[in-house]
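Asker: structure_37.cif is reproduced in full below (mmCIF, C-alpha atoms and all ligand atoms).
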data_query
loop_
_atom_site.group_PDB
_atom_site.id
_atom_site.type_symbol
_atom_site.label_atom_id
_atom_site.label_comp_id
_atom_site.auth_asym_id
_atom_site.auth_seq_id
_atom_site.Cartn_x
_atom_site.Cartn_y
_atom_site.Cartn_z
ATOM 1 C CA MET A 1 0.000 0.000 0.000
ATOM 2 C CA ALA A 2 1.338 3.408 -0.914
ATOM 3 C CA LYS A 3 2.203 5.687 1.964
ATOM 4 C CA ALA A 4 -0.539 8.247 2.516
ATOM 5 C CA GLU A 5 0.831 11.715 1.906
ATOM 6 C CA TRP A 6 -1.130 14.624 3.203
ATOM 7 C CA PRO A 7 -1.705 17.400 0.711
ATOM 8 C CA SER A 8 0.247 20.603 0.959
ATOM 9 C CA ASP A 9 -2.898 22.708 0.554
ATOM 10 C CA PRO A 10 -2.547 25.353 3.306
ATOM 11 C CA ASN A 11 -6.318 25.396 3.775
ATOM 12 C CA CYS A 12 -6.363 21.777 4.752
ATOM 13 C CA PRO A 13 -6.405 20.923 8.468
ATOM 14 C CA PRO A 14 -3.163 19.014 9.084
ATOM 15 C CA GLU A 15 -2.772 15.436 10.186
ATOM 16 C CA ASN A 16 -1.217 15.581 13.625
ATOM 17 C CA ALA A 17 -2.202 17.191 16.889
ATOM 18 C CA VAL A 18 0.730 19.637 17.142
ATOM 19 C CA LYS A 19 0.344 20.962 13.586
ATOM 20 C CA SER A 20 -3.397 20.937 14.007
ATOM 21 C CA LYS A 21 -3.235 23.212 17.061
ATOM 22 C CA LYS A 22 -1.046 25.674 15.109
ATOM 23 C CA TRP A 23 -3.429 25.525 12.149
ATOM 24 C CA PHE A 24 -6.417 26.107 14.426
ATOM 25 C CA ASP A 25 -4.764 29.081 16.171
ATOM 26 C CA ARG A 26 -3.690 30.602 12.862
ATOM 27 C CA LEU A 27 -7.137 30.232 11.279
ATOM 28 C CA THR A 28 -8.734 31.703 14.405
ATOM 29 C CA SER A 29 -6.428 34.734 14.595
ATOM 30 C CA ASP A 30 -6.514 35.470 10.825
ATOM 31 C CA THR A 31 -10.307 35.252 10.754
ATOM 32 C CA GLU A 32 -10.617 37.315 13.921
ATOM 33 C CA ALA A 33 -8.487 40.057 12.323
ATOM 34 C CA ASP A 34 -10.666 40.016 9.172
ATOM 35 C CA ILE A 35 -13.896 40.180 11.169
ATOM 36 C CA THR A 36 -12.587 42.990 13.384
ATOM 37 C CA MET A 37 -11.607 45.014 10.311
ATOM 38 C CA CYS A 38 -15.033 44.435 8.772
ATOM 39 C CA LEU A 39 -16.785 45.521 11.962
ATOM 40 C CA GLN A 40 -14.622 48.622 12.269
ATOM 41 C CA GLU A 41 -15.293 49.581 8.646
ATOM 42 C CA SER A 42 -19.046 48.935 8.640
ATOM 43 C CA GLY A 43 -21.102 50.714 11.223
ATOM 44 C CA GLY A 44 -24.534 49.863 9.843
ATOM 45 C CA GLY A 45 -26.700 46.807 9.586
ATOM 46 C CA GLN A 46 -24.701 45.335 6.672
ATOM 47 C CA ALA A 47 -21.720 44.405 8.879
ATOM 48 C CA ALA A 48 -23.335 41.233 10.225
ATOM 49 C CA ILE A 49 -24.273 40.046 6.736
ATOM 50 C CA ARG A 50 -20.779 40.671 5.386
ATOM 51 C CA ILE A 51 -19.218 38.763 8.280
ATOM 52 C CA ALA A 52 -21.566 35.791 7.959
ATOM 53 C CA LYS A 53 -20.923 35.666 4.188
ATOM 54 C CA SER A 54 -17.199 35.700 4.699
ATOM 55 C CA ILE A 55 -17.043 32.976 7.376
ATOM 56 C CA GLN A 56 -19.444 30.788 5.422
ATOM 57 C CA ALA A 57 -17.309 31.162 2.275
ATOM 58 C CA ARG A 58 -14.186 30.336 4.312
ATOM 59 C CA THR A 59 -15.883 27.209 5.666
ATOM 60 C CA GLU A 60 -16.741 26.060 2.154
ATOM 61 C CA GLN A 61 -13.157 26.617 1.008
ATOM 62 C CA ILE A 62 -11.726 24.578 3.897
ATOM 63 C CA ASN A 63 -14.382 21.873 3.562
ATOM 64 C CA ARG A 64 -13.369 21.480 -0.099
ATOM 65 C CA SER A 65 -9.758 21.023 0.971
ATOM 66 C CA SER A 66 -10.802 18.462 3.567
ATOM 67 C CA PHE A 67 -12.804 16.540 0.942
ATOM 68 C CA ASN A 68 -9.816 16.646 -1.414
ATOM 69 C CA LYS A 69 -7.704 15.250 1.374
ATOM 70 C CA LEU A 70 -10.055 12.268 1.741
ATOM 71 C CA THR A 71 -9.825 11.634 -2.012
ATOM 72 C CA GLU A 72 -6.026 11.796 -1.950
ATOM 73 C CA LEU A 73 -5.869 9.410 0.989
ATOM 74 C CA ARG A 74 -8.145 6.968 -0.796
ATOM 75 C CA GLN A 75 -6.004 7.205 -3.934
ATOM 76 C CA ALA A 76 -2.990 6.454 -1.745
ATOM 77 C CA GLY A 77 -4.616 3.200 -0.667
ATOM 78 C CA LYS A 78 -6.319 4.152 2.605
ATOM 79 C CA GLU A 79 -9.672 2.528 3.152
ATOM 80 C CA LEU A 80 -11.999 5.388 3.920
ATOM 81 C CA PRO A 81 -15.765 5.373 3.481
ATOM 82 C CA PRO A 82 -17.346 8.225 1.549
ATOM 83 C CA VAL A 83 -19.079 11.049 3.410
ATOM 84 C CA ALA A 84 -22.702 9.893 3.692
ATOM 85 C CA CYS A 85 -24.474 13.277 3.844
ATOM 86 C CA LYS A 86 -26.614 14.098 0.830
ATOM 87 C CA ARG A 87 -29.626 16.157 -0.232
ATOM 88 C CA GLY A 88 -32.815 14.885 1.391
ATOM 89 C CA CYS A 89 -31.059 13.040 4.245
ATOM 90 C CA ASN A 90 -32.033 15.134 7.243
ATOM 91 C CA TYR A 91 -31.800 13.161 10.493
ATOM 92 C CA CYS A 92 -29.609 15.907 11.949
ATOM 93 C CA CYS A 93 -32.170 18.561 10.906
ATOM 94 C CA HIS A 94 -34.375 17.397 13.789
ATOM 95 C CA LEU A 95 -31.844 18.551 16.378
ATOM 96 C CA GLU A 96 -31.600 21.931 18.039
ATOM 97 C CA VAL A 97 -29.117 24.032 16.050
ATOM 98 C CA GLY A 98 -26.954 26.807 17.459
ATOM 99 C CA CYS A 99 -25.642 29.762 15.481
ATOM 100 C CA LEU A 100 -24.233 33.241 16.024
ATOM 101 C CA ALA A 101 -26.156 36.480 15.529
ATOM 102 C CA PRO A 102 -24.611 37.412 12.128
ATOM 103 C CA GLU A 103 -25.661 34.021 10.750
ATOM 104 C CA ALA A 104 -29.292 34.539 11.881
ATOM 105 C CA ILE A 105 -29.231 38.051 10.395
ATOM 106 C CA ARG A 106 -27.936 36.756 7.058
ATOM 107 C CA ILE A 107 -30.598 34.035 6.908
ATOM 108 C CA ALA A 108 -33.338 36.593 7.661
ATOM 109 C CA ASP A 109 -31.981 38.865 4.915
ATOM 110 C CA HIS A 110 -31.960 35.943 2.455
ATOM 111 C CA LEU A 111 -35.547 34.981 3.363
ATOM 112 C CA ARG A 112 -36.779 38.555 2.864
ATOM 113 C CA LYS A 113 -35.190 38.569 -0.599
ATOM 114 C CA THR A 114 -36.336 35.125 -1.720
ATOM 115 C CA ARG A 115 -39.829 34.612 -0.215
ATOM 116 C CA SER A 116 -43.058 36.388 -1.035
ATOM 117 C CA PRO A 117 -44.783 38.243 1.859
ATOM 118 C CA LYS A 118 -47.306 35.391 2.070
ATOM 119 C CA GLU A 119 -44.595 32.696 2.141
ATOM 120 C CA LEU A 120 -42.632 34.643 4.732
ATOM 121 C CA SER A 121 -45.653 35.083 6.943
ATOM 122 C CA SER A 122 -46.506 31.373 6.843
ATOM 123 C CA LEU A 123 -42.844 30.505 7.516
ATOM 124 C CA ILE A 124 -42.805 32.797 10.560
ATOM 125 C CA THR A 125 -45.969 31.099 11.865
ATOM 126 C CA LYS A 126 -44.280 27.712 11.385
ATOM 127 C CA MET A 127 -41.122 28.917 13.145
ATOM 128 C CA ARG A 128 -43.076 30.296 16.104
ATOM 129 C CA ARG A 129 -45.022 27.053 16.409
ATOM 130 C CA HIS A 130 -41.757 25.112 16.292
ATOM 131 C CA SER A 131 -40.193 27.247 19.056
ATOM 132 C CA LYS A 132 -43.310 27.000 21.219
ATOM 133 C CA PHE A 133 -43.333 23.226 20.861
ATOM 134 C CA ARG A 134 -39.633 22.903 21.713
ATOM 135 C CA ALA A 135 -40.047 25.219 24.712
ATOM 136 C CA SER A 136 -42.813 22.957 26.027
ATOM 137 C CA LEU A 137 -40.462 19.965 26.189
ATOM 138 C CA PRO A 138 -38.336 18.976 29.176
ATOM 139 C CA LEU A 139 -34.808 20.357 28.729
ATOM 140 C CA ARG A 140 -33.256 16.922 28.129
ATOM 141 C CA GLN A 141 -35.592 16.199 25.222
ATOM 142 C CA ARG A 142 -35.170 19.515 23.449
ATOM 143 C CA SER A 143 -31.924 18.616 21.780
ATOM 144 C CA SER A 144 -32.707 14.938 21.331
ATOM 145 C CA GLY A 145 -33.204 13.186 18.022
ATOM 146 C CA ASN A 146 -36.572 12.920 16.386
ATOM 147 C CA VAL A 147 -38.317 15.798 18.145
ATOM 148 C CA ALA A 148 -39.246 18.445 15.603
ATOM 149 C CA PRO A 149 -38.060 18.964 12.035
ATOM 150 C CA CYS A 150 -36.345 22.238 11.213
ATOM 151 C CA PRO A 151 -38.966 24.606 9.736
ATOM 152 C CA PHE A 152 -36.535 25.380 6.887
ATOM 153 C CA LEU A 153 -36.793 21.846 5.482
ATOM 154 C CA GLY A 154 -38.312 21.774 1.991
ATOM 155 C CA GLN A 155 -40.899 19.368 0.603
ATOM 156 C CA GLU A 156 -38.314 16.847 -0.532
ATOM 157 C CA GLY A 157 -36.546 16.872 2.817
ATOM 158 C CA GLU A 158 -33.868 19.252 1.544
ATOM 159 C CA CYS A 159 -32.511 22.325 3.331
ATOM 160 C CA GLY A 160 -34.607 25.269 2.118
ATOM 161 C CA ILE A 161 -31.890 27.798 3.028
ATOM 162 C CA TYR A 162 -28.924 25.754 1.796
ATOM 163 C CA GLU A 163 -26.870 28.717 0.487
ATOM 164 C CA VAL A 164 -27.050 30.546 3.802
ATOM 165 C CA ARG A 165 -27.297 27.676 6.308
ATOM 166 C CA PRO A 166 -25.262 28.229 9.469
ATOM 167 C CA LEU A 167 -21.779 26.860 10.143
ATOM 168 C CA ASN A 168 -23.106 24.119 12.400
ATOM 169 C CA CYS A 169 -25.127 22.682 9.508
ATOM 170 C CA ARG A 170 -22.247 23.080 7.031
ATOM 171 C CA THR A 171 -19.799 21.148 9.151
ATOM 172 C CA TYR A 172 -21.933 18.356 10.644
ATOM 173 C CA LEU A 173 -20.860 15.546 8.335
ATOM 174 C CA THR A 174 -20.822 11.828 8.900
ATOM 175 C CA PHE A 175 -19.501 8.686 7.260
ATOM 176 C CA ASP A 176 -22.472 6.532 8.237
ATOM 177 C CA ALA A 177 -26.091 7.654 7.809
ATOM 178 C CA LYS A 178 -27.309 4.504 9.593
ATOM 179 C CA GLU A 179 -25.697 5.799 12.774
ATOM 180 C CA CYS A 180 -27.601 9.075 12.375
ATOM 181 C CA GLU A 181 -30.820 7.130 11.850
ATOM 182 C CA ARG A 182 -30.241 5.078 15.018
ATOM 183 C CA ALA A 183 -29.318 8.198 17.007
ATOM 184 C CA SER A 184 -32.425 10.003 15.763
ATOM 185 C CA GLN A 185 -34.634 7.157 16.954
ATOM 186 C CA ASN A 186 -33.095 7.055 20.404
ATOM 187 C CA PRO A 187 -34.456 9.772 22.674
ATOM 188 C CA ASP A 188 -31.365 9.640 24.901
ATOM 189 C CA ARG A 189 -29.008 9.889 21.913
ATOM 190 C CA LYS A 190 -26.828 7.160 23.345
ATOM 191 C CA PHE A 191 -25.546 6.118 19.924
ATOM 192 C CA CYS A 192 -22.304 7.598 18.722
ATOM 193 C CA VAL A 193 -22.105 9.067 15.250
ATOM 194 C CA THR A 194 -18.805 8.894 13.359
ATOM 195 C CA PHE A 195 -18.238 12.496 12.377
ATOM 196 C CA PHE A 196 -15.846 13.882 9.794
ATOM 197 C CA LEU A 197 -13.756 15.797 12.313
ATOM 198 C CA GLU A 198 -11.869 18.370 10.216
ATOM 199 C CA PRO A 199 -14.984 20.379 9.300
ATOM 200 C CA LEU A 200 -15.924 20.469 12.991
ATOM 201 C CA ASP A 201 -12.455 21.879 13.814
ATOM 202 C CA THR A 202 -12.996 24.500 11.113
ATOM 203 C CA ARG A 203 -16.341 25.445 12.621
ATOM 204 C CA ASP A 204 -14.833 25.737 16.121
ATOM 205 C CA ALA A 205 -11.998 27.956 14.863
ATOM 206 C CA LEU A 206 -14.359 30.268 12.973
ATOM 207 C CA HIS A 207 -16.867 30.473 15.810
ATOM 208 C CA THR A 208 -14.040 31.266 18.234
ATOM 209 C CA ALA A 209 -12.781 33.994 15.877
ATOM 210 C CA LEU A 210 -16.220 35.559 15.609
ATOM 211 C CA GLU A 211 -16.822 35.370 19.352
ATOM 212 C CA ASN A 212 -13.420 36.933 20.110
ATOM 213 C CA ALA A 213 -13.858 39.769 17.593
ATOM 214 C CA CYS A 214 -17.330 40.567 18.947
ATOM 215 C CA LYS A 215 -16.197 40.464 22.576
ATOM 216 C CA ASN A 216 -13.298 42.836 21.831
ATOM 217 C CA LEU A 217 -15.749 45.361 20.369
ATOM 218 C CA ASP A 218 -18.351 44.880 23.134
ATOM 219 C CA LEU A 219 -20.826 43.228 20.801
ATOM 220 C CA PRO A 220 -23.067 40.343 21.921
ATOM 221 C CA SER A 221 -21.220 37.139 21.019
ATOM 222 C CA HIS A 222 -23.174 34.266 22.573
ATOM 223 C CA GLN A 223 -24.570 31.267 20.702
ATOM 224 C CA ILE A 224 -28.262 31.477 19.938
ATOM 225 C CA GLU A 225 -30.818 28.897 18.878
ATOM 226 C CA LEU A 226 -31.263 29.058 15.104
ATOM 227 C CA ILE A 227 -35.049 29.250 14.768
ATOM 228 C CA ARG A 228 -35.643 31.725 17.593
ATOM 229 C CA GLY A 229 -32.674 33.787 16.371
ATOM 230 C CA VAL A 230 -33.967 34.025 12.789
ATOM 231 C CA THR A 231 -37.477 34.840 14.065
ATOM 232 C CA ILE A 232 -36.042 37.771 16.035
ATOM 233 C CA ALA A 233 -33.977 38.916 13.042
ATOM 234 C CA LEU A 234 -37.139 38.890 10.921
ATOM 235 C CA GLN A 235 -39.484 40.479 13.405
ATOM 236 C CA VAL A 236 -37.515 43.060 15.393
ATOM 237 C CA PRO A 237 -37.204 46.200 13.251
ATOM 238 C CA GLY A 238 -33.535 47.074 12.645
ATOM 239 C CA ALA A 239 -32.295 43.964 14.523
ATOM 240 C CA SER A 240 -29.057 43.960 12.538
ATOM 241 C CA THR A 241 -28.265 47.626 13.246
ATOM 242 C CA LEU A 242 -29.167 47.194 16.904
ATOM 243 C CA TRP A 243 -26.814 44.203 17.193
ATOM 244 C CA ARG A 244 -24.009 46.219 15.549
ATOM 245 C CA ARG A 245 -24.559 48.950 18.155
ATOM 246 C CA GLY A 246 -24.055 46.407 20.943
ATOM 247 C CA VAL A 247 -27.698 45.842 21.895
ATOM 248 C CA ASP A 248 -28.293 42.230 22.912
ATOM 249 C CA VAL A 249 -31.293 41.946 20.652
ATOM 250 C CA PHE A 250 -31.004 38.132 20.474
ATOM 251 C CA ALA A 251 -30.929 37.557 24.253
ATOM 252 C CA GLU A 252 -34.208 35.625 24.218
ATOM 253 C CA ALA A 253 -32.713 33.066 21.850
ATOM 254 C CA ASN A 254 -29.656 32.335 24.025
ATOM 255 C CA ILE A 255 -28.669 28.714 24.297
HETATM 256 S S1 LIG B 1 -30.904 25.054 8.416
HETATM 257 FE FE1 LIG B 1 -31.022 23.517 6.795
HETATM 258 S S2 LIG B 1 -29.339 22.080 7.226
HETATM 259 FE FE2 LIG B 1 -29.699 23.291 9.091
HETATM 260 S S3 LIG B 1 -31.126 22.092 10.344
HETATM 261 FE FE3 LIG B 1 -32.377 23.494 9.098
HETATM 262 S S4 LIG B 1 -32.910 22.356 7.224
HETATM 263 FE FE4 LIG B 1 -31.203 21.274 8.241
#
Before we go any further, please render this structure as structure tokens.
Ligand code: SF4

Answerer:
Amino acid sequence: MAKAEWPSDPNCPPENAVKSKKWFDRLTSDTEADITMCLQESGGGQAAIRIAKSIQARTEQINRSSFNKLTELRQAGKELPPVACKRGCNYCCHLEVGCLAPEAIRIADHLRKTRSPKELSSLITKMRRHSKFRASLPLRQRSSGNVAPCPFLGQEGECGIYEVRPLNCRTYLTFDAKECERASQNPDRKFCVTFFLEPLDTRDALHTALENACKNLDLPSHQIELIRGVTIALQVPGASTLWRRGVDVFAEANI
């Protein structure tokens, strides 16, 4: 069997723990610097959207490198299963999803641009019903498997906001959909799912960068629940501008 060589792509998370820590720290500090510059340059409501766009694009770039790495390893003779996630497979879309304020603001902006007033109003009703139902559950059950489908799911089980979905959804990838199915059917989620770890490292680095940049500028930086966060971004007038001014407009959606 040929020796597996790791690609020299600088975007690609490296193979060992020491290099990986350096890579993580570098990605975090570079992204934090970019986000800080963006926040300092943009005072208005567009700052959050620009930031979310840029970290989502960065995630896609690194995910591509991670996928290329899997291909190269396979070509070098390593036995690695393919990533199982595909359109319409949505076991993980029944879990509670966390995001950061700029991501919720970007999703709300996208929905305003792509849905008719009637569609938006019925989506908001669906989102409110979803949040009310989740809030009625005991805490332990809220994040468990097969509780309530994400209101953004489309008719064919696909993500209806795929282009703007949050980092958590972009980086939650598995090699075995059967494990996800078993986990979704078990209310205690005692089954382990074999995740593709590099995308999760990418997500952690980018979330850390965003949290650090926001904290340094006295902006709210906590994780919020996706559906409640997007509902606030859609319903509170000027939510994006308020967030940029340091108002904790998403406090009710805190996780
Ligand atoms: S935003 Fe999309 S990918 Fe994320 S949970 Fe909802 S439907 Fe699934």

Asker: Using all atoms listed in the file, find each residue with an atom at most 10 Å away from ligand LIG 1 (chain B) and format the answer as a VMD selection string.

Answerer: chain A and resid 87 to 99 107 149 to 154 157 to 172 226 to 227

Asker: So the first atom is CA of His222 in chain A and the second is CA of Arg106 in chain A; what is the distance between them in Å, to one decimal place?

Answerer: 16.4 Å

Asker: Using Å and a single decimal, report how far CA of Met127 in chain A sits from CA of Ile224 in chain A.

Answerer: 14.8 Å

Asker: So which one's closest to Ala104 in chain A, A:Gly229, A:Gly238, A:Pro220, A:Pro199? Using all atoms listed in the file, please.

Answerer: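 Ranked by minimum distance to Ala104 in chain A, first place goes to A:Gly229.
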
Asker: So, with all atoms listed in the file as the atoms that count, which of A:Val247, A:Asp218, A:Ala148, A:Ala33 lies closest to Lys126 in chain A?

Answerer: A:Ala148

Asker: As JSON, what would the box around range 232-247 of chain A look like: edges along x, y and z, 5 Å added on every side, centre and edge lengths in Å to one decimal?

Answerer:
{"center_x": -31.7, "center_y": 43.4, "center_z": 16.4, "size_x": 25.5, "size_y": 21.2, "size_z": 21.0}

Asker: Please provide the set of residues having any atom within 10 Å of Val236 in chain A, restricted to all atoms listed in the file, with same-chain residues fewer than 6 positions apart removed, written as a list in words.

Answerer: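 Counting all atoms listed in the file, the residues come to Leu242, Val249 and Phe250 of chain A.
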
Asker: Restricting the calculation to only C-alpha atoms: of A:Leu173, A:His110, A:Lys53, A:Arg203, which residue gets closest to Phe67 in chain A?

Answerer: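 Among A:Leu173, A:His110, A:Lys53, A:Arg203, it is A:Leu173 that comes nearest to Phe67 in chain A.
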
Asker: Which residues come within 6 Å of Glu179 in chain A, counting only C-alpha atoms, excluding same-chain residues fewer than 3 positions away, as number ranges by chain?

Answerer: A: 176, 182, 193

Asker: Would you list the contacts of Ile51 in chain A as a list in words, taking every protein, DNA or RNA residue within 9 Å and counting all atoms listed in the file, but skipping same-chain residues closer than 2 positions in sequence?

Answerer: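 The neighbour list is Asp34, Ile35, Cys38, Leu39, Gln46, Ala47, Ala48, Ile49, Lys53, Ser54, Ile55, Gln56, Pro102, Glu103 and Leu210 of chain A.
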
Asker: I'd like the neighbourhood of range 200-202 of chain A as an MDAnalysis selection string, where a residue qualifies if any of its atoms comes within 12 Å (using only C-alpha atoms), though same-chain residues fewer than 3 positions away should be ignored.

Answerer: chainID A and resid 11:14 17 20:21 23:28 31 55:66 167:174 194:197 205:209

Asker: Next, write the just-selected residues to a file, as a PDB file, in the coordinates of the input, keeping C-alpha atoms as the atom set.

Answerer:
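Saved file again-v9.pdb follows:
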ATOM      1  CA  ASN A  11      -6.318  25.396   3.775  1.00  0.00           C
ATOM      2  CA  CYS A  12      -6.363  21.777   4.752  1.00  0.00           C
ATOM      3  CA  PRO A  13      -6.405  20.923   8.468  1.00  0.00           C
ATOM      4  CA  PRO A  14      -3.163  19.014   9.084  1.00  0.00           C
ATOM      5  CA  ALA A  17      -2.202  17.191  16.889  1.00  0.00           C
ATOM      6  CA  SER A  20      -3.397  20.937  14.007  1.00  0.00           C
ATOM      7  CA  LYS A  21      -3.235  23.212  17.061  1.00  0.00           C
ATOM      8  CA  TRP A  23      -3.429  25.525  12.149  1.00  0.00           C
ATOM      9  CA  PHE A  24      -6.417  26.107  14.426  1.00  0.00           C
ATOM     10  CA  ASP A  25      -4.764  29.081  16.171  1.00  0.00           C
ATOM     11  CA  ARG A  26      -3.690  30.602  12.862  1.00  0.00           C
ATOM     12  CA  LEU A  27      -7.137  30.232  11.279  1.00  0.00           C
ATOM     13  CA  THR A  28      -8.734  31.703  14.405  1.00  0.00           C
ATOM     14  CA  THR A  31     -10.307  35.252  10.754  1.00  0.00           C
ATOM     15  CA  ILE A  55     -17.043  32.976   7.376  1.00  0.00           C
ATOM     16  CA  GLN A  56     -19.444  30.788   5.422  1.00  0.00           C
ATOM     17  CA  ALA A  57     -17.309  31.162   2.275  1.00  0.00           C
ATOM     18  CA  ARG A  58     -14.186  30.336   4.312  1.00  0.00           C
ATOM     19  CA  THR A  59     -15.883  27.209   5.666  1.00  0.00           C
ATOM     20  CA  GLU A  60     -16.741  26.060   2.154  1.00  0.00           C
ATOM     21  CA  GLN A  61     -13.157  26.617   1.008  1.00  0.00           C
ATOM     22  CA  ILE A  62     -11.726  24.578   3.897  1.00  0.00           C
ATOM     23  CA  ASN A  63     -14.382  21.873   3.562  1.00  0.00           C
ATOM     24  CA  ARG A  64     -13.369  21.480  -0.099  1.00  0.00           C
ATOM     25  CA  SER A  65      -9.758  21.023   0.971  1.00  0.00           C
ATOM     26  CA  SER A  66     -10.802  18.462   3.567  1.00  0.00           C
ATOM     27  CA  LEU A 167     -21.779  26.860  10.143  1.00  0.00           C
ATOM     28  CA  ASN A 168     -23.106  24.119  12.400  1.00  0.00           C
ATOM     29  CA  CYS A 169     -25.127  22.682   9.508  1.00  0.00           C
ATOM     30  CA  ARG A 170     -22.247  23.080   7.031  1.00  0.00           C
ATOM     31  CA  THR A 171     -19.799  21.148   9.151  1.00  0.00           C
ATOM     32  CA  TYR A 172     -21.933  18.356  10.644  1.00  0.00           C
ATOM     33  CA  LEU A 173     -20.860  15.546   8.335  1.00  0.00           C
ATOM     34  CA  THR A 174     -20.822  11.828   8.900  1.00  0.00           C
ATOM     35  CA  THR A 194     -18.805   8.894  13.359  1.00  0.00           C
ATOM     36  CA  PHE A 195     -18.238  12.496  12.377  1.00  0.00           C
ATOM     37  CA  PHE A 196     -15.846  13.882   9.794  1.00  0.00           C
ATOM     38  CA  LEU A 197     -13.756  15.797  12.313  1.00  0.00           C
ATOM     39  CA  ALA A 205     -11.998  27.956  14.863  1.00  0.00           C
ATOM     40  CA  LEU A 206     -14.359  30.268  12.973  1.00  0.00           C
ATOM     41  CA  HIS A 207     -16.867  30.473  15.810  1.00  0.00           C
ATOM     42  CA  THR A 208     -14.040  31.266  18.234  1.00  0.00           C
ATOM     43  CA  ALA A 209     -12.781  33.994  15.877  1.00  0.00           C
TER      44      ALA A 209
END
